[in-house]
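Enquirer: First, the structure itself, so that you have it in front of you.
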Amino acid sequence: MKDSTKFSGVGLWLLSRLIGSRRNYGLFGDIEEMYRSVLGEKGRFKAKLWLWAQILRTIPHTVYNWLYWGLVMFANSYKVTIRHFRRQKLYSSVNLLGLAVGMACCILILSYVHFEISYDKFHDKADQIYRLTMDGQLTGQPFNLATSNGAIGPSLRDKLPEVEDVVRFRRKHRTSVAYQDKLFFEERIHWVDASVFEVFSFPLLLGSPQKALQMPYTVVLTEECARKYFGSDDPIGKVLKIDNHVDYAVTGIMKNVPENSHIEFDMLLSFRTLEVVYPERFSRWLGDFNNWSYLLLREGADHREVEEKCLPLIDDNMGKVIEMVGGEVFFNLQPLARIHLHSNLLGDIATRSDIMYVYLFSAIALFILLLACINFMNLATARSAERGREVGIRKVHGAFQGRLMWQFLEESLIHAFASLLLALILVQMFLPVFRSISGRELTVPYTEAGWLIPALIGLAVLVGLTAGSYPSFILSSFQPSTILRGNPRLGKGKGRFRGVLVVFQFAISTTLIIGTGIIMSQVQYMKHKHLGFDQDHLVILRITDDRIRPFIEPIKTELLSLPWVKSVGGSSHVPGWGAHRNAVLPEGFSMENSQTMGIIQVDHDFLQALGVEIVIGRNFSREFPADADKSVLINETAARKFGWSEPLEKFIIELDGRSISKRVIGVIGDFHFMDVRTSIEPLMVYLAPAEIDTLAVRLAPGGELTERLEFLRRAWNKVVPSAPFDYFFLDASLESQYRLEGSLSRLFSYFSVLAVFIACLGLFGMAAYSAEQRTKEIGIRKVLGASSSGLVLLLSREMGKFILFANIIAWPLAYWVAGHWLQDFAYRTPIHFWIFPLSAVLVLTIGFLTTAYQSFKAAASDPVDSLRYE
Amino acid sequence: MSELSRLEEQIMLSVWKLQDEAYGISIYKHIRNITRKKFAIGGIYFPLERLVKKGLLKAYKGEPTPVRGGQSKRYYNLTKLGMKELLANRKTQDAFWKNLPKIDFAGEESR
């Protein structure tokens, strides 16, 4: 029977699936018989065709039937679900909300993460663009710079075939920009090469991408910025007055810079202008290192090879100087997409983020989602124990086990999808809040990340199926007689597992609470740390224009005539801005081990106005004419570093080409002239009126600020009527340094609240379940004379045990993670030990309140009812 | 007892006619030959089983044959109840057909 083996295969298998099973009343025999008769009459091909025709014809009907009855039964499941929901409003809504909050939280964090990793990917040539950075060491001091010299980029383009183009950015600090009577101070303003619009994908709305910034004294504005100056007028060809005296012609308008660009600006001035004004600055590879150079490599070029090829060029152009000073310099090409998250260099173009935060938040999102899902399954399982009787009745009425399984799965799926829907609504509701917390214009990337929606649906299905699996597979398998006779012990043995989950959840939430506490105390520490000067009541006026500088003394006199101005002092830098850095040769050091230190140029009154303490020696004084160019003050760190126990009268030579030797006349107390996160470096201060960029005005406390500002403005305008009056408050500007930590601590506190909330849901479900399981025990205890309060204690004891266990896990974990995080700060808060027991008490209280309802209900119930139960 | 459907009636009459040779294919072919309508063989199995369940037909297994891949035929026989149903059915039919007046279709053509 060779042929008989042939009658099988996909077709028949499909048919048997469609119809039901092979025990089908001789149908398969009949089909085979007919198949063979067709085979005999018309041949194999026709017979196969016939068979497939038969099979395909059954499909529509089968599908119809399946859908129809599926829908009918689904409608029933739906109805039952709604009924159960109504009967147990509290549990069901708690359960639904828990999962929804978890999902919403996860979606929000995902959109944050998606935003962070999308940085700079919008540039068409993103994978060909690299930033030129430098590292190495000079005079034994390692450095890692994001910036480079302005001459390097163009010469690399000319000498290396792999480098197709170069774009240099150079920040222009806060600048006054005027058009007719409109005057604004622009903070985000750069000089940039004309190639910017061809290398980067910053689309121009008006103007030519090739020509827009080719000429000196041309400017391109973003759409939003242009509207500020010109309203709806055509901006092309209009003239902006920059720094109060230089005219720039508008040659282009570009779209606003996307939020996820690491380079941020509102206004671009042509770099050509600088090359015209300061030609010597861009002729050598030395001197000025304040430009960011972006190289466009040819397609397929390997950036490592380009780095290699730079080595001989470095030697040619900088070799002599490097040899003289002692050290080595390397060029690195940093891929554009890595700048935002993976770079940690000195002098970056904008505040960047860190991949660590992306990982941290992704982990938190996953944890919260995991907690929520586990909870959902847990609660659903615990509650399903009550459904035994329903299963029994359904079975008695003739329900198949398969049908019952489906019913529970459907019910659980309905819940999961309702949660998903709720989650999406929550996301829309809380997106604005999340935006302000994270400080980013976030959108949920439904369309950008195509996987998001399928992933969410998949998640809902997974959670629904898993949560439904216990009642579905276990409950539906019980014999109706067993269930209906009494209450079978359902879900026994799962108690321990559930306990582990609760411990896990509370460990995570406690860790988050402790973490929040430590971050907050670090922020407080930084805010209240004594900075070495008095930051309050200090207004800083900016010298925005070289032409103001000759009038500084008259301005100071005018300001000091106001009764509440205590002192006025000028300087090149104010705290928070850092300082110049230069190599110096302190007395007793040889050329080979010259030192680097910060330099702030000041006038006679600055140290007094800032309130910096003079520890040894004296301040600059007009009575000593030699102070003008032969005296210097150093900070304590410098004295310590140079090993000077008697610093007065020592000499320091600044290696700036002029090599003037200066005498130390005093030592000032250490103060934070840089970021509070970094440690204080050696610093020297000397008089240089020509370098003064700011005036620090010390006010007497009290008084109406706006009124005082108006007086200051009038005094200023009296001396220099045409110069813009530009001011800021030092304390506010320092405050903004802690913005990252501030938003981190806020995010953390929100997440810990959420985690605690979700953990409490789990606890609540468990308490409800165990109270119910122990109804009889409680009844008997009451009959035997147990007091209500004793019973509450009994029921809460388990919860207390879990939370204590959770704390044992959480404390070292939190200590370790927080310690790691604090490492980044040069000045860090000690980890206060009281945070640990405090958070434990907090969690215990919350846990107790969560279970209290259940415990009191159980303890207060009449034993007669509970013993009659079943 | 509900009325027999058209297909059910045809199946039962075929089973009656085919006597001991009444199984899926023969019933299907018989109906097709008489009605001259094409339909899938799958269509007769559910009515057949429904009739068995109602007790109007009786099913029994035949011997397995090689041409059927070693599966046996499932033969059907009319039961007493089935016969009664058929006759009752016939009676109803006849009652409806009896004494029907003549209809003049002349008007229809002019329309």
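Please note that chains go A, B, ... in the order of the structure tokens, that every chain numbers its residues from 1, and that ligands are numbered from 1 in the order shown.
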Output the contact residues of chain A with respect to chain B at a cut-off of 6 Å, based on only C-alpha atoms, as a PDB file with C-alpha atoms, in the first residue's frame.

Expert:
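out-v5.pdb, freshly written:
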```
ATOM      1  CA  SER A   4      -1.877   4.964   1.664  1.00  0.00           C
ATOM      2  CA  GLY A  26     -15.860   8.463   9.716  1.00  0.00           C
ATOM      3  CA  GLY A  29     -12.325   7.796   6.129  1.00  0.00           C
ATOM      4  CA  GLU A  32      -9.776   9.493   1.962  1.00  0.00           C
ATOM      5  CA  GLU A  33     -12.056   7.203   0.038  1.00  0.00           C
TER       6      GLU A  33
END
```

Enquirer: Quick one: everything within 9 Å of region 639-650 of chain A, counting only C-alpha atoms, minus sequence neighbours fewer than 6 positions away in the same chain. Send it as a list of chain:residue names.

Expert: A:Pro586, A:Glu587, A:Gly588, A:Phe589, A:Gln595, A:Ile616, A:Gly617, A:Lys662, A:Arg663, A:Val664, A:Ile665, A:Gly666, A:Val667, A:Pro682

Enquirer: For the residues in that selection, give me N, CA and C atoms as a compact mmCIF listing (two decimals), in the first residue's frame.

Expert:
```txt
# COMPACT_ATOMS: atom_id res chain seq x y z
N PRO A 586 56.32 79.10 40.49
CA PRO A 586 56.47 79.65 41.85
C PRO A 586 57.93 79.57 42.29
N GLU A 587 58.24 80.40 43.23
CA GLU A 587 59.62 80.42 43.74
C GLU A 587 60.00 79.04 44.26
N GLY A 588 61.21 78.61 43.92
CA GLY A 588 61.68 77.32 44.39
C GLY A 588 61.34 76.18 43.45
N PHE A 589 60.64 76.48 42.34
CA PHE A 589 60.31 75.45 41.37
C PHE A 589 61.14 75.69 40.11
N GLN A 595 53.84 74.85 37.55
CA GLN A 595 52.51 74.52 38.08
C GLN A 595 51.42 75.23 37.29
N ILE A 616 46.49 85.77 55.74
CA ILE A 616 47.82 86.27 56.09
C ILE A 616 48.09 87.49 55.23
N GLY A 617 48.86 88.42 55.73
CA GLY A 617 49.28 89.55 54.92
C GLY A 617 48.18 90.58 54.76
N LYS A 662 55.89 88.29 40.21
CA LYS A 662 55.07 89.03 41.17
C LYS A 662 55.35 88.51 42.57
N ARG A 663 55.16 89.38 43.54
CA ARG A 663 55.48 89.07 44.92
C ARG A 663 54.19 88.79 45.68
N VAL A 664 54.19 87.76 46.48
CA VAL A 664 53.00 87.43 47.26
C VAL A 664 52.90 88.40 48.43
N ILE A 665 51.77 89.11 48.49
CA ILE A 665 51.61 90.06 49.60
C ILE A 665 50.57 89.55 50.59
N GLY A 666 49.90 88.48 50.26
CA GLY A 666 48.91 87.97 51.21
C GLY A 666 48.33 86.65 50.75
N VAL A 667 47.64 86.00 51.69
CA VAL A 667 46.97 84.73 51.38
C VAL A 667 45.50 84.91 51.71
N PRO A 682 44.43 75.69 43.24
CA PRO A 682 45.28 76.84 43.54
C PRO A 682 44.84 78.06 42.72
```

Enquirer: What parts of region 28-71 of chain B does DSSP call helix (DSSP H, G or I)? I'd like the answer as a list in words.

Expert: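 Matching residues, listed in order: Tyr28, Lys29, His30, Ile31, Arg32, Asn33, Ile34, Thr35, Ile41, Gly42, Gly43, Ile44, Tyr45, Phe46, Pro47, Leu48, Glu49, Arg50, Leu51, Val52, Lys53, Lys54, Pro66, Val67 and Arg68 of chain B.
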
Enquirer: Which residues are close to Gln19 (chain B), i.e. within 9 Å by only C-alpha atoms, leaving aside same-chain residues fewer than 3 positions away? Reply as a list in words.

Expert: Ser14, Val15, Trp16, Ala22, Tyr76, Asn77 and Leu78 of chain B

Enquirer: Check chain B with DSSP on the backbone and list each residue it calls strand (DSSP E or B), as JSON, numbers by chain.

Expert: {"B": [23, 57, 58, 59, 60, 61, 62, 63, 64, 65, 71, 72, 73, 74, 75, 76, 77, 78]}

Enquirer: Store the residues picked out above, limited to N, CA and C atoms, as a PDB file, in the first residue's frame.

Expert:
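The resulting file, result-v7.pdb, is reproduced below:
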```pdb
ATOM      1  N   TYR B  23     -23.641   5.269   4.007  1.00  0.00           N
ATOM      2  CA  TYR B  23     -22.597   5.921   4.790  1.00  0.00           C
ATOM      3  C   TYR B  23     -22.286   7.250   4.130  1.00  0.00           C
ATOM      4  N   LEU B  57     -31.802   8.391  13.650  1.00  0.00           N
ATOM      5  CA  LEU B  57     -30.917   7.484  12.919  1.00  0.00           C
ATOM      6  C   LEU B  57     -30.104   6.708  13.935  1.00  0.00           C
ATOM      7  N   LYS B  58     -29.581   5.595  13.448  1.00  0.00           N
ATOM      8  CA  LYS B  58     -28.730   4.791  14.307  1.00  0.00           C
ATOM      9  C   LYS B  58     -27.437   4.606  13.535  1.00  0.00           C
ATOM     10  N   ALA B  59     -26.284   4.723  14.215  1.00  0.00           N
ATOM     11  CA  ALA B  59     -25.013   4.585  13.515  1.00  0.00           C
ATOM     12  C   ALA B  59     -24.312   3.328  13.981  1.00  0.00           C
ATOM     13  N   TYR B  60     -23.577   2.686  13.062  1.00  0.00           N
ATOM     14  CA  TYR B  60     -22.725   1.564  13.476  1.00  0.00           C
ATOM     15  C   TYR B  60     -21.496   1.507  12.588  1.00  0.00           C
ATOM     16  N   LYS B  61     -20.468   0.857  13.130  1.00  0.00           N
ATOM     17  CA  LYS B  61     -19.177   0.804  12.460  1.00  0.00           C
ATOM     18  C   LYS B  61     -19.124  -0.336  11.462  1.00  0.00           C
ATOM     19  N   GLY B  62     -18.524  -0.101  10.302  1.00  0.00           N
ATOM     20  CA  GLY B  62     -18.259  -1.180   9.364  1.00  0.00           C
ATOM     21  C   GLY B  62     -16.841  -1.700   9.540  1.00  0.00           C
ATOM     22  N   GLU B  63     -16.457  -2.597   8.613  1.00  0.00           N
ATOM     23  CA  GLU B  63     -15.096  -3.118   8.687  1.00  0.00           C
ATOM     24  C   GLU B  63     -14.115  -2.075   8.137  1.00  0.00           C
ATOM     25  N   PRO B  64     -12.890  -1.968   8.718  1.00  0.00           N
ATOM     26  CA  PRO B  64     -11.888  -1.059   8.159  1.00  0.00           C
ATOM     27  C   PRO B  64     -11.463  -1.523   6.768  1.00  0.00           C
ATOM     28  N   THR B  65     -11.298  -0.640   5.826  1.00  0.00           N
ATOM     29  CA  THR B  65     -10.874  -1.012   4.478  1.00  0.00           C
ATOM     30  C   THR B  65      -9.596  -0.254   4.118  1.00  0.00           C
ATOM     31  N   GLN B  71      -9.424   3.013   7.919  1.00  0.00           N
ATOM     32  CA  GLN B  71     -10.493   3.489   8.792  1.00  0.00           C
ATOM     33  C   GLN B  71     -11.812   2.854   8.389  1.00  0.00           C
ATOM     34  N   SER B  72     -12.654   2.638   9.375  1.00  0.00           N
ATOM     35  CA  SER B  72     -13.914   1.957   9.059  1.00  0.00           C
ATOM     36  C   SER B  72     -14.967   2.964   8.640  1.00  0.00           C
ATOM     37  N   LYS B  73     -15.932   2.463   7.868  1.00  0.00           N
ATOM     38  CA  LYS B  73     -17.062   3.315   7.478  1.00  0.00           C
ATOM     39  C   LYS B  73     -18.007   3.447   8.655  1.00  0.00           C
ATOM     40  N   ARG B  74     -18.757   4.511   8.647  1.00  0.00           N
ATOM     41  CA  ARG B  74     -19.791   4.682   9.670  1.00  0.00           C
ATOM     42  C   ARG B  74     -21.119   4.620   8.931  1.00  0.00           C
ATOM     43  N   TYR B  75     -21.816   3.523   9.176  1.00  0.00           N
ATOM     44  CA  TYR B  75     -23.090   3.297   8.469  1.00  0.00           C
ATOM     45  C   TYR B  75     -24.232   3.835   9.295  1.00  0.00           C
ATOM     46  N   TYR B  76     -25.294   4.199   8.591  1.00  0.00           N
ATOM     47  CA  TYR B  76     -26.481   4.722   9.284  1.00  0.00           C
ATOM     48  C   TYR B  76     -27.704   3.908   8.914  1.00  0.00           C
ATOM     49  N   ASN B  77     -28.591   3.735   9.882  1.00  0.00           N
ATOM     50  CA  ASN B  77     -29.883   3.071   9.654  1.00  0.00           C
ATOM     51  C   ASN B  77     -30.992   3.931  10.203  1.00  0.00           C
ATOM     52  N   LEU B  78     -32.153   3.804   9.591  1.00  0.00           N
ATOM     53  CA  LEU B  78     -33.318   4.521  10.098  1.00  0.00           C
ATOM     54  C   LEU B  78     -33.811   3.817  11.364  1.00  0.00           C
TER      55      LEU B  78
END
```

Enquirer: Nearest residue to Leu867 (chain A) out of A:Leu56, A:Ile803, A:Ala382, A:Ile780, using only C-alpha atoms?

Expert: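 Using only C-alpha atoms, the shortest distance to Leu867 (chain A) belongs to A:Ile780.
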